[in-house]
Amino acid sequence: MATRARQDLRTGRSFDLGKMDLPQLWRAYLTYPTILLYFALAIAATVAAIHWFAGAVPTLIAIAAVIAVYPLAWYLLHRFVLHGRLLYRFQATAALWKRIHFDHHQDPHLLDVLFGAPWTTIPTIAIITLPIGYLIGGLGAAATAFAAGIVITCIYEFFHCIQHLNYKPRARWIQTMKARHVLHHFHDENGNYGITSYFVDRVFGSYYEDARARKRSPSVFNLGYDLIQAARFPWVMKLTGSPPRDRPDGARAPKTDTTPAL
């Protein structure tokens, strides 16, 4: 039965990763509008890179540079913007903060808020990658860097889905990656900011391996936007239609997936 016909896999508009297996994820992922848009942009950028071809060496350097920069860029955005407590304090930016991360932590298994919104992700990718590529090799390398950024984003999004999927990966390194991300969502959000790599977390001292390393954070699901903050800054609560929750309500992964391995 096709994934989209399985209504029990959905919570409202979103697929429920806590109830899906790997084949169902593949079908949902490869037909999801945001991912299809990324594929189209990657193809368009590749065509532009060929048209303004910068040469083999600048092209390879641009790709390598984006691969190297991406984990740091993600870490900084995730830690200081997505987990920041500034955007929800202003009515003009409350909806942005709600969409880009609060909703995901309120219910980590809903697919439509797990994926970044294209109107926020695409400009961010462009801002990070285009200057890098242009400095390396002009328009051709800039298009190459942008294409690389889009492809890496697709990879990040897929592994992010795996980390919230009702599925135990066979590969040991994916199991480890998933366990660290589960800690971020269900134990202490102030660490393990990486998705596919936690090297930058190690560098900045925010990495931890298991639940014994830290006390459980009271704000792991609300990111600090609790009832007190909601009373002072009500815009996110009004957009949500209910007070902030201190644990997910709805899709949940089985206990074996949400309990970090010790």
# chains A, B, ... in the order shown; residues from 1 in each chain; ligands from 1
>>> residues_around(residues="segment 216-232 of chain A", least_positions_apart="4", cutoff="8 Å", atoms="only C-alpha atoms", output="list in words")
His83, Arg85, Phe102, His105, Gln106, Asp107, His184, His185, Phe186, His187, Asp188, Glu189, Ala211, Val236, Met237, Pro243, Pro244, Arg245, Asp246, Arg247 and Pro248 of chain A
>>> write_last_selection(atoms="C-alpha atoms", output="PDB file, in the first residue's frame")
ATOM      1  CA  HIS A  83      17.894  27.410  19.858  1.00  0.00           C
ATOM      2  CA  ARG A  85      15.647  32.827  22.752  1.00  0.00           C
ATOM      3  CA  PHE A 102      10.062  25.179  18.021  1.00  0.00           C
ATOM      4  CA  HIS A 105      11.042  20.070  19.296  1.00  0.00           C
ATOM      5  CA  GLN A 106       7.411  20.133  20.403  1.00  0.00           C
ATOM      6  CA  ASP A 107       6.784  16.997  18.323  1.00  0.00           C
ATOM      7  CA  HIS A 184      19.410  16.179  21.893  1.00  0.00           C
ATOM      8  CA  HIS A 185      15.640  15.816  21.533  1.00  0.00           C
ATOM      9  CA  PHE A 186      14.734  13.763  24.592  1.00  0.00           C
ATOM     10  CA  HIS A 187      17.381  14.468  27.239  1.00  0.00           C
ATOM     11  CA  ASP A 188      19.234  17.787  26.904  1.00  0.00           C
ATOM     12  CA  GLU A 189      18.835  20.085  23.922  1.00  0.00           C
ATOM     13  CA  ALA A 211      22.192  10.393  29.506  1.00  0.00           C
ATOM     14  CA  VAL A 236       4.126  31.752  19.372  1.00  0.00           C
ATOM     15  CA  MET A 237       1.438  30.418  21.709  1.00  0.00           C
ATOM     16  CA  PRO A 243       0.238  26.598  25.520  1.00  0.00           C
ATOM     17  CA  PRO A 244       3.732  25.141  25.005  1.00  0.00           C
ATOM     18  CA  ARG A 245       4.021  21.473  25.938  1.00  0.00           C
ATOM     19  CA  ASP A 246       6.711  19.990  28.125  1.00  0.00           C
ATOM     20  CA  ARG A 247       6.656  16.749  26.152  1.00  0.00           C
ATOM     21  CA  PRO A 248       5.503  15.720  22.678  1.00  0.00           C
TER      22      PRO A 248
END
>>> closest_atom_pairs(of="segment 127-202 of chain A", to="segment 23-44 of chain A", cutoff="7 Å", atoms="only C-alpha atoms", output="tab-separated table")
residue	atom	partner	partner_atom	distance
A:Ala147	CA	A:Ala42	CA	4.7
A:Ile150	CA	A:Ala42	CA	6.0
A:Val151	CA	A:Ala42	CA	6.7
A:Cys154	CA	A:Ile35	CA	6.9
>>> closest_residue(among="A:Gln175, A:Ser197, A:Leu183, A:Trp52", to="Lys215 of chain A", atoms="only C-alpha atoms")
A:Leu183
>>> atom_distance(atom1="atom CA of Phe146 of chain A", atom2="atom CA of Gly133 of chain A")
7.7 Å
>>> residues_around(residues="Pro58 of chain A", least_positions_apart="3", cutoff="8 Å", atoms="only C-alpha atoms", output="compact mmCIF listing (two decimals) with N, CA and C atoms, in the first residue's frame")
# COMPACT_ATOMS: atom_id res chain seq x y z
N ALA A 54 34.12 26.45 -14.41
CA ALA A 54 35.27 27.15 -13.86
C ALA A 54 36.57 26.36 -14.00
N GLY A 55 36.48 25.14 -14.51
CA GLY A 55 37.64 24.28 -14.58
C GLY A 55 37.57 23.20 -13.50
N ILE A 61 37.57 22.19 -5.70
CA ILE A 61 37.85 22.95 -4.49
C ILE A 61 36.57 23.54 -3.92
N ALA A 62 35.68 24.03 -4.79
CA ALA A 62 34.41 24.59 -4.34
C ALA A 62 33.57 23.54 -3.62
N ILE A 136 36.32 31.37 -5.22
CA ILE A 136 37.20 30.30 -5.71
C ILE A 136 37.30 30.32 -7.22
N GLY A 137 36.17 30.54 -7.91
CA GLY A 137 36.22 30.42 -9.37
C GLY A 137 35.11 31.11 -10.11
N ALA A 141 32.00 28.29 -10.33
CA ALA A 141 32.26 27.69 -9.02
C ALA A 141 31.18 28.06 -8.01
>>> residues_around(residues="Pro71 of chain A", least_positions_apart="6", cutoff="9 Å", atoms="only C-alpha atoms", output="MDAnalysis selection string")
chainID A and resid 194:200
>>> write_last_selection(atoms="C-alpha atoms", output="tab-separated table (two decimals), in the first residue's frame")
chain	number	residue	atom	x	y	z
A	194	GLY	CA	25.20	18.13	14.73
A	195	ILE	CA	23.22	15.95	12.36
A	196	THR	CA	25.63	13.68	10.49
A	197	SER	CA	28.76	14.69	12.40
A	198	TYR	CA	29.45	15.78	15.97
A	199	PHE	CA	33.02	16.92	15.36
A	200	VAL	CA	32.12	20.59	15.82
>>> closest_residue(among="A:Thr176, A:Thr59, A:Thr93, A:Thr124", to="Ala73 of chain A", atoms="only C-alpha atoms")
A:Thr124
>>> select_by_dssp(residues="segment 3-228 of chain A", states="strand (DSSP E)", output="ChimeraX atom specification")
/A:10-11,14-15
>>> residues_around(residues="Gly205 of chain A", least_positions_apart="3", cutoff="12 Å", atoms="only C-alpha atoms", output="PyMOL selection string")
chain A and resi 190-193+198-202+208-209
>>> atom_distance(atom1="atom CA of Ala117 of chain A", atom2="atom CA of Asp16 of chain A")
17.7 Å
>>> closest_residue(among="A:Gly149, A:Lys178, A:Pro108, A:Ala92", to="Pro123 of chain A", atoms="only C-alpha atoms")
A:Gly149
>>> atom_distance(atom1="atom CA of Ala94 of chain A", atom2="atom CA of Pro234 of chain A")
9.0 Å
